[in-house]
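Colleague: Quick one: structure below, then a few questions.
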Number of protein chains: 2
Amino acid sequence: MAPLAGFLRGIGYKVFTTREPGGTAIGDQVRDILMSMKNTGMNPRTETLLFCAARAQIVSEVIRPHLDKGELVLSDRYADSTLAYQGYGHGNDLEAIRQILSFATGGLKPDLTLLLDVDSETGLNRRKQSGGEWNRLDAYALALHQRVRAGYLEMVCAEPSRWRVIDAGQPPDMVQSALQKAIQAYLSGEKS
Amino acid sequence: MAPLAGFLRGIGYKVFTTREPGGTAIGDQVRDILMSMKNTGMNPRTETLLFCAARAQIVSEVIRPHLDKGELVLSDRYADSTLAYQGYGHGNDLEAIRQILSFATGGLKPDLTLLLDVDSETGLNRRKQSGGEWNRLDAYALALHQRVRAGYLEMVCAEPSRWRVIDAGQPPDMVQSALQKAIQAYLSGEKS
């Protein structure tokens with residue numbers, strides 16, 4: 001996310017970046033519970049509510065204040081990830097999750113959402129090869145990751161004006177270039 | 001709760017006792033976040049969702065399995081405490097909280113709920129004198145505790161058949177005796 005934030009700062013925007021779950025002292029404590037490999041017995045409803053708890057905190061403590069100052073906020077993941085993973089992935093009721101998300105975010109939605117799309121096998125292989133820590137969520141079966149991807153694509157179809165799908169199977173510099181073009185086109189349209 | 005469980009075992013019931021938040025390995029991690037005095041900046045929505053997350057875990061991992069074995073489950077606090085504290089106390093939307101509770105519990109409701117009722121000043125003074133650790137929730141202002149109590153009493157009025165109000169201003173042995181009478185009367189009615 002750092003190169004994209006750098007690009008946006010270069011063209012004159014004040015940018016704040018964050019990631020979920022976490023991004024606050026309380027959210028990081030929740031993140032530890034969610035990611036820990038010792039918590040494999042976690043119920044999918046518990047998982048849903050923990051993601052939403054961390055999100056409620058980051059929205060009120062961090063995202064809202066930065067938006068109120070007129071900054072552009074870039075977040076690595078947000079509410080749609082809960083719909084994708086805990087809704088489509090685990091098969092929880094989507095409408096119930098939408099209501100919980102609305103409570104957690106106070107109704108705050110992104111203006112633009114960039115989906116870095118790649119087939120699930122490639123995505124998981126990249127995570128394994130990245131050297132990053134393998135967490136409880138990565139360890140879900142391939143079939144779940146495939147339902148998650150299909151869920152994202154269904155959300156894109158339902159609300160195409162908010163989403164841009166970026167082919168993440170391309171080399172990294174081409175992905176970066178596609179991200180920059182998509183967001184710059186959106187921001188130009190917003191100004192005009 | 002131990003004397004009440006002992007009484008019920010003495011009259012032939014298999015009893016399982018638990019407490020919220022916590023009661024599972026994952027729930028205890030959530031409890032630590034909720035109770036910690038270092039987390040005073042917690043947003044009320046975050047607090048609501050954390051209580052519900054811990055509850056989703058204890059319902060699926062502990063309460064449901066014990067009920068399925070035909071046991072009587074006594075829980076120190078359950079969903080109504082979230083309505084009382086995070087709903088009536090903090091002023092969050094009650095209907096939104098009811099929907100989240102329904103998701104968290106999968107719709108599991110208690111057959112009988114015993115409210116140990118005492119005025120808020122007395123309740124807080126007892127907590128201070130008990131020698132137990134003063135936690136983030138105890139530290140809320142008296143006005144919040146008063147709204148919580150009023151919220152409980154409103155719930156009692158809305159659904160009187162499920163609630164029994166016990167005067168907790170009495171000496172402990174009289175409170176215990178009232179609890180035993182209330183629960184035994186309920187259980188006799190259930191059998192007949």
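Labels for the structure tokens follow display order: chains A, B, ..., residues from 1 in each chain, ligands from 1.
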Taking only C-alpha atoms into account, which residues of chain B are within 12 Å of chain A, as a tab-separated table (two decimals) with N, CA, C and O atoms, in the first residue's frame?
Modeller:
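Dumped to out17.tsv:
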```
chain	number	residue	atom	x	y	z
B	24	THR	N	-14.63	-19.62	28.08
B	24	THR	CA	-13.93	-20.44	27.09
B	24	THR	C	-12.53	-19.83	26.95
B	24	THR	O	-12.31	-18.69	27.37
B	25	ALA	N	-11.62	-20.58	26.33
B	25	ALA	CA	-10.25	-20.05	26.17
B	25	ALA	C	-10.28	-18.77	25.33
B	25	ALA	O	-9.62	-17.78	25.67
B	26	ILE	N	-11.06	-18.78	24.25
B	26	ILE	CA	-11.14	-17.60	23.38
B	26	ILE	C	-11.89	-16.46	24.11
B	26	ILE	O	-11.47	-15.31	24.08
B	27	GLY	N	-12.98	-16.81	24.77
B	27	GLY	CA	-13.77	-15.81	25.50
B	27	GLY	C	-12.95	-15.14	26.61
B	27	GLY	O	-13.14	-13.95	26.89
B	28	ASP	N	-12.06	-15.91	27.24
B	28	ASP	CA	-11.24	-15.31	28.31
B	28	ASP	C	-10.26	-14.28	27.75
B	28	ASP	O	-9.94	-13.29	28.41
B	29	GLN	N	-9.78	-14.51	26.52
B	29	GLN	CA	-8.91	-13.51	25.87
B	29	GLN	C	-9.71	-12.23	25.58
B	29	GLN	O	-9.19	-11.11	25.73
B	30	VAL	N	-10.97	-12.41	25.17
B	30	VAL	CA	-11.83	-11.25	24.91
B	30	VAL	C	-12.14	-10.53	26.23
B	30	VAL	O	-12.13	-9.30	26.31
B	31	ARG	N	-12.39	-11.31	27.28
B	31	ARG	CA	-12.65	-10.74	28.61
B	31	ARG	C	-11.52	-9.84	29.06
B	31	ARG	O	-11.75	-8.75	29.60
B	32	ASP	N	-10.28	-10.29	28.84
B	32	ASP	CA	-9.12	-9.49	29.25
B	32	ASP	C	-9.14	-8.11	28.58
B	32	ASP	O	-8.81	-7.10	29.20
B	33	ILE	N	-9.51	-8.09	27.30
B	33	ILE	CA	-9.57	-6.79	26.58
B	33	ILE	C	-10.67	-5.92	27.19
B	33	ILE	O	-10.48	-4.72	27.43
B	34	LEU	N	-11.82	-6.53	27.47
B	34	LEU	CA	-12.97	-5.77	27.98
B	34	LEU	C	-12.72	-5.19	29.37
B	34	LEU	O	-13.18	-4.08	29.68
B	35	MET	N	-12.04	-5.95	30.22
B	35	MET	CA	-11.90	-5.55	31.62
B	35	MET	C	-10.70	-4.63	31.86
B	35	MET	O	-10.68	-3.91	32.85
B	36	SER	N	-9.71	-4.67	30.97
B	36	SER	CA	-8.45	-3.98	31.23
B	36	SER	C	-8.63	-2.47	31.38
B	36	SER	O	-9.20	-1.80	30.52
B	37	MET	N	-8.09	-1.93	32.47
B	37	MET	CA	-8.17	-0.49	32.72
B	37	MET	C	-7.37	0.30	31.68
B	37	MET	O	-7.55	1.51	31.55
B	38	LYS	N	-6.48	-0.36	30.94
B	38	LYS	CA	-5.71	0.38	29.93
B	38	LYS	C	-6.55	0.67	28.69
B	38	LYS	O	-6.17	1.50	27.86
B	39	ASN	N	-7.71	-0.02	28.55
B	39	ASN	CA	-8.53	0.16	27.36
B	39	ASN	C	-9.69	1.15	27.57
B	39	ASN	O	-10.80	0.95	27.06
B	40	THR	N	-9.42	2.22	28.29
B	40	THR	CA	-10.50	3.18	28.60
B	40	THR	C	-11.02	3.90	27.36
B	40	THR	O	-12.12	4.44	27.38
B	41	GLY	N	-10.25	3.92	26.27
B	41	GLY	CA	-10.72	4.60	25.06
B	41	GLY	C	-11.62	3.74	24.19
B	41	GLY	O	-11.86	4.07	23.03
B	42	MET	N	-12.15	2.64	24.76
B	42	MET	CA	-12.95	1.73	23.94
B	42	MET	C	-14.29	2.36	23.53
B	42	MET	O	-15.03	2.84	24.38
B	43	ASN	N	-14.58	2.30	22.25
B	43	ASN	CA	-15.86	2.79	21.73
B	43	ASN	C	-16.99	1.86	22.21
B	43	ASN	O	-16.81	0.65	22.26
B	44	PRO	N	-18.15	2.42	22.58
B	44	PRO	CA	-19.26	1.57	23.06
B	44	PRO	C	-19.70	0.51	22.04
B	44	PRO	O	-20.15	-0.56	22.43
B	45	ARG	N	-19.55	0.79	20.76
B	45	ARG	CA	-19.90	-0.23	19.76
B	45	ARG	C	-18.90	-1.38	19.77
B	45	ARG	O	-19.25	-2.55	19.62
B	46	THR	N	-17.63	-1.04	19.95
B	46	THR	CA	-16.60	-2.07	20.08
B	46	THR	C	-16.92	-2.95	21.28
B	46	THR	O	-16.86	-4.18	21.21
B	47	GLU	N	-17.24	-2.30	22.39
B	47	GLU	CA	-17.55	-3.03	23.63
B	47	GLU	C	-18.71	-4.00	23.40
B	47	GLU	O	-18.66	-5.16	23.80
B	48	THR	N	-19.76	-3.50	22.74
B	48	THR	CA	-20.93	-4.34	22.45
B	48	THR	C	-20.53	-5.57	21.64
B	48	THR	O	-20.91	-6.70	21.96
B	49	LEU	N	-19.75	-5.35	20.60
B	49	LEU	CA	-19.38	-6.45	19.70
B	49	LEU	C	-18.44	-7.44	20.38
B	49	LEU	O	-18.50	-8.65	20.12
B	50	LEU	N	-17.58	-6.96	21.27
B	50	LEU	CA	-16.69	-7.88	21.99
B	50	LEU	C	-17.48	-8.77	22.95
B	50	LEU	O	-17.23	-9.98	23.04
B	51	PHE	N	-18.43	-8.19	23.67
B	51	PHE	CA	-19.27	-9.03	24.54
B	51	PHE	C	-20.00	-10.09	23.70
B	51	PHE	O	-20.10	-11.25	24.11
B	52	CYS	N	-20.50	-9.68	22.55
B	52	CYS	CA	-21.26	-10.62	21.72
B	52	CYS	C	-20.35	-11.70	21.12
B	52	CYS	O	-20.76	-12.85	20.96
B	53	ALA	N	-19.10	-11.32	20.81
B	53	ALA	CA	-18.14	-12.30	20.29
B	53	ALA	C	-17.86	-13.39	21.33
B	53	ALA	O	-17.89	-14.59	21.03
B	54	ALA	N	-17.59	-12.96	22.55
B	54	ALA	CA	-17.33	-13.94	23.62
B	54	ALA	C	-18.55	-14.83	23.83
B	54	ALA	O	-18.44	-16.04	24.07
B	55	ARG	N	-19.74	-14.23	23.70
B	55	ARG	CA	-20.98	-14.98	23.90
B	55	ARG	C	-21.20	-16.01	22.79
B	55	ARG	O	-21.61	-17.13	23.05
B	56	ALA	N	-20.91	-15.64	21.55
B	56	ALA	CA	-21.07	-16.59	20.43
B	56	ALA	C	-20.22	-17.83	20.69
B	56	ALA	O	-20.63	-18.97	20.42
B	57	GLN	N	-19.02	-17.61	21.24
B	57	GLN	CA	-18.12	-18.74	21.50
B	57	GLN	C	-18.64	-19.62	22.63
B	57	GLN	O	-18.66	-20.84	22.50
B	58	ILE	N	-19.11	-19.02	23.73
B	58	ILE	CA	-19.53	-19.85	24.86
B	58	ILE	C	-20.83	-20.58	24.53
B	58	ILE	O	-21.04	-21.72	24.96
B	59	VAL	N	-21.70	-19.98	23.73
B	59	VAL	CA	-22.93	-20.66	23.36
B	59	VAL	C	-22.61	-21.92	22.55
B	59	VAL	O	-23.10	-23.01	22.83
B	60	SER	N	-21.75	-21.77	21.52
B	60	SER	CA	-21.50	-22.92	20.64
B	60	SER	C	-20.60	-23.96	21.28
B	60	SER	O	-20.79	-25.16	21.12
B	61	GLU	N	-19.62	-23.49	22.07
B	61	GLU	CA	-18.61	-24.42	22.59
B	61	GLU	C	-19.04	-25.07	23.91
B	61	GLU	O	-18.65	-26.19	24.21
B	62	VAL	N	-19.85	-24.37	24.70
B	62	VAL	CA	-20.12	-24.83	26.06
B	62	VAL	C	-21.62	-24.99	26.34
B	62	VAL	O	-22.08	-26.07	26.72
B	92	ASN	N	-26.83	2.93	22.89
B	92	ASN	CA	-26.83	2.35	21.54
B	92	ASN	C	-28.24	1.93	21.17
B	92	ASN	O	-29.06	1.63	22.04
B	93	ASP	N	-28.50	1.84	19.87
B	93	ASP	CA	-29.81	1.45	19.36
B	93	ASP	C	-30.17	0.03	19.83
B	93	ASP	O	-29.45	-0.94	19.57
B	94	LEU	N	-31.30	-0.10	20.55
B	94	LEU	CA	-31.67	-1.39	21.16
B	94	LEU	C	-31.99	-2.43	20.09
B	94	LEU	O	-31.63	-3.60	20.23
B	95	GLU	N	-32.67	-2.02	19.01
B	95	GLU	CA	-33.04	-3.00	17.99
B	95	GLU	C	-31.80	-3.55	17.29
B	95	GLU	O	-31.71	-4.75	17.02
B	96	ALA	N	-30.83	-2.69	17.01
B	96	ALA	CA	-29.58	-3.15	16.40
B	96	ALA	C	-28.90	-4.17	17.32
B	96	ALA	O	-28.40	-5.20	16.87
B	97	ILE	N	-28.89	-3.89	18.62
B	97	ILE	CA	-28.25	-4.83	19.57
B	97	ILE	C	-29.01	-6.15	19.63
B	97	ILE	O	-28.41	-7.22	19.68
B	98	ARG	N	-30.34	-6.08	19.58
B	98	ARG	CA	-31.12	-7.34	19.58
B	98	ARG	C	-30.75	-8.21	18.39
B	98	ARG	O	-30.62	-9.42	18.51
B	99	GLN	N	-30.57	-7.58	17.21
B	99	GLN	CA	-30.20	-8.35	16.02
B	99	GLN	C	-28.81	-8.98	16.17
B	99	GLN	O	-28.59	-10.13	15.78
B	100	ILE	N	-27.88	-8.22	16.73
B	100	ILE	CA	-26.53	-8.76	16.93
B	100	ILE	C	-26.56	-9.90	17.95
B	100	ILE	O	-25.90	-10.93	17.77
B	101	LEU	N	-27.37	-9.75	18.99
B	101	LEU	CA	-27.49	-10.81	20.00
B	101	LEU	C	-28.08	-12.08	19.39
B	101	LEU	O	-27.67	-13.20	19.72
B	102	SER	N	-29.04	-11.90	18.50
B	102	SER	CA	-29.67	-13.06	17.87
B	102	SER	C	-28.65	-13.80	17.02
B	102	SER	O	-28.58	-15.04	17.02
B	103	PHE	N	-27.80	-13.05	16.32
B	103	PHE	CA	-26.71	-13.66	15.53
B	103	PHE	C	-25.73	-14.38	16.46
B	103	PHE	O	-25.33	-15.52	16.22
B	104	ALA	N	-25.34	-13.72	17.54
B	104	ALA	CA	-24.32	-14.28	18.45
B	104	ALA	C	-24.79	-15.56	19.13
B	104	ALA	O	-24.03	-16.51	19.28
B	105	THR	N	-26.05	-15.58	19.53
B	105	THR	CA	-26.55	-16.72	20.32
B	105	THR	C	-27.22	-17.77	19.44
B	105	THR	O	-27.61	-18.83	19.95
B	106	GLY	N	-27.39	-17.49	18.15
B	106	GLY	CA	-28.16	-18.40	17.31
B	106	GLY	C	-29.61	-18.51	17.80
B	106	GLY	O	-30.27	-19.52	17.57
```
Colleague: Enumerate the residues of range 25-186 of chain B with a DSSP assignment of alpha helix (DSSP H), computed from the backbone, and present them as a VMD selection string.
Modeller: chain B and resid 25 to 35 44 to 58 64 to 68 79 to 82 94 to 105 120 to 129 142 to 158 172 to 186
Colleague: My list of candidates is A:Pro21, A:Pro171, A:Thr113, A:Ser161. Which is closest to Leu137 in chain A when distances are computed with only C-alpha atoms?
Modeller: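 Of the candidates, the smallest distance to Leu137 in chain A is held by A:Pro21.
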Colleague: Val165 in chain A: which residues within 8 Å, counting only C-alpha atoms, same-chain residues fewer than 4 positions away excluded, as a list in words?
Modeller: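 Here the answer would be Leu114, Leu115, Leu116, Asp117 and Val156 of chain A.
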Colleague: Which residues are close to Val175 in chain A, i.e. within 12 Å by only C-alpha atoms, leaving aside same-chain residues fewer than 3 positions away? Reply as a PyMOL selection string.
Modeller: chain A and resi 1+3-4+114-118+165-172+178-182
Colleague: Point out the residue among A:Pro160, A:Gly151, A:Gly23, A:Gly132 with the least atom-to-atom distance to Arg77 in chain A, counting only C-alpha atoms.
Modeller: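 Using only C-alpha atoms, Arg77 in chain A sits closest to A:Gly23.
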Colleague: Neighbours of Leu142 in chain A within 10 Å (only C-alpha atoms; same-chain residues fewer than 5 positions away dropped), as a PDB file with all heavy atoms, in the first residue's frame?
Modeller:
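Once written, selection.pdb looks like this:
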```
ATOM      1  N   SER A 120      -7.522 -18.433  -6.344  1.00  0.00           N
ATOM      2  CA  SER A 120      -7.230 -18.733  -4.937  1.00  0.00           C
ATOM      3  C   SER A 120      -5.952 -19.550  -4.750  1.00  0.00           C
ATOM      4  O   SER A 120      -5.216 -19.335  -3.786  1.00  0.00           O
ATOM      5  CB  SER A 120      -8.421 -19.482  -4.315  1.00  0.00           C
ATOM      6  OG  SER A 120      -9.599 -18.728  -4.504  1.00  0.00           O
ATOM      7  N   GLU A 121      -5.683 -20.497  -5.655  1.00  0.00           N
ATOM      8  CA  GLU A 121      -4.449 -21.302  -5.530  1.00  0.00           C
ATOM      9  C   GLU A 121      -3.225 -20.387  -5.596  1.00  0.00           C
ATOM     10  O   GLU A 121      -2.320 -20.480  -4.767  1.00  0.00           O
ATOM     11  CB  GLU A 121      -4.332 -22.345  -6.661  1.00  0.00           C
ATOM     12  CG  GLU A 121      -5.340 -23.475  -6.611  1.00  0.00           C
ATOM     13  CD  GLU A 121      -6.646 -23.116  -7.338  1.00  0.00           C
ATOM     14  OE1 GLU A 121      -6.886 -21.895  -7.577  1.00  0.00           O
ATOM     15  OE2 GLU A 121      -7.419 -24.029  -7.649  1.00  0.00           O
ATOM     16  N   LEU A 124      -2.898 -18.244  -2.369  1.00  0.00           N
ATOM     17  CA  LEU A 124      -2.385 -18.978  -1.203  1.00  0.00           C
ATOM     18  C   LEU A 124      -0.906 -19.329  -1.386  1.00  0.00           C
ATOM     19  O   LEU A 124      -0.124 -19.254  -0.439  1.00  0.00           O
ATOM     20  CB  LEU A 124      -3.212 -20.253  -0.970  1.00  0.00           C
ATOM     21  CG  LEU A 124      -4.590 -20.004  -0.337  1.00  0.00           C
ATOM     22  CD1 LEU A 124      -5.412 -21.286  -0.325  1.00  0.00           C
ATOM     23  CD2 LEU A 124      -4.458 -19.467   1.095  1.00  0.00           C
ATOM     24  N   ARG A 147     -14.746 -19.727  -2.247  1.00  0.00           N
ATOM     25  CA  ARG A 147     -16.051 -19.098  -1.991  1.00  0.00           C
ATOM     26  C   ARG A 147     -15.877 -17.607  -1.692  1.00  0.00           C
ATOM     27  O   ARG A 147     -16.700 -16.776  -2.066  1.00  0.00           O
ATOM     28  CB  ARG A 147     -16.757 -19.781  -0.803  1.00  0.00           C
ATOM     29  CG  ARG A 147     -17.256 -21.182  -1.094  1.00  0.00           C
ATOM     30  CD  ARG A 147     -18.276 -21.650  -0.047  1.00  0.00           C
ATOM     31  NE  ARG A 147     -17.748 -21.718   1.304  1.00  0.00           N
ATOM     32  CZ  ARG A 147     -17.070 -22.751   1.801  1.00  0.00           C
ATOM     33  NH1 ARG A 147     -16.815 -23.808   1.050  1.00  0.00           N
ATOM     34  NH2 ARG A 147     -16.657 -22.742   3.054  1.00  0.00           N
ATOM     35  N   VAL A 148     -14.786 -17.271  -0.999  1.00  0.00           N
ATOM     36  CA  VAL A 148     -14.489 -15.865  -0.687  1.00  0.00           C
ATOM     37  C   VAL A 148     -14.303 -15.076  -1.979  1.00  0.00           C
ATOM     38  O   VAL A 148     -14.889 -13.997  -2.166  1.00  0.00           O
ATOM     39  CB  VAL A 148     -13.215 -15.763   0.186  1.00  0.00           C
ATOM     40  CG1 VAL A 148     -12.713 -14.310   0.260  1.00  0.00           C
ATOM     41  CG2 VAL A 148     -13.487 -16.307   1.586  1.00  0.00           C
TER      42      VAL A 148
END
```
Colleague: Pick the closest to Ile183 in chain B from B:His90, B:Gln146, B:Arg127, B:Asp111: which is it, counting only C-alpha atoms?
Modeller: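 Among the listed residues, B:Asp111 lies closest to Ile183 in chain B.
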Colleague: Quick one: DSSP strand (DSSP E) residues in chain A, as a list in words?
Modeller: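 So the strand (DSSP E) residues in chain A would be Val15, Phe16, Thr17, Thr18, Arg19, Leu72, Val73, Leu74, Ser75, Asp76, Thr113, Leu114, Leu115, Leu116, Asp117, Trp163, Arg164, Val165, Ile166 and Asp167 of chain A.
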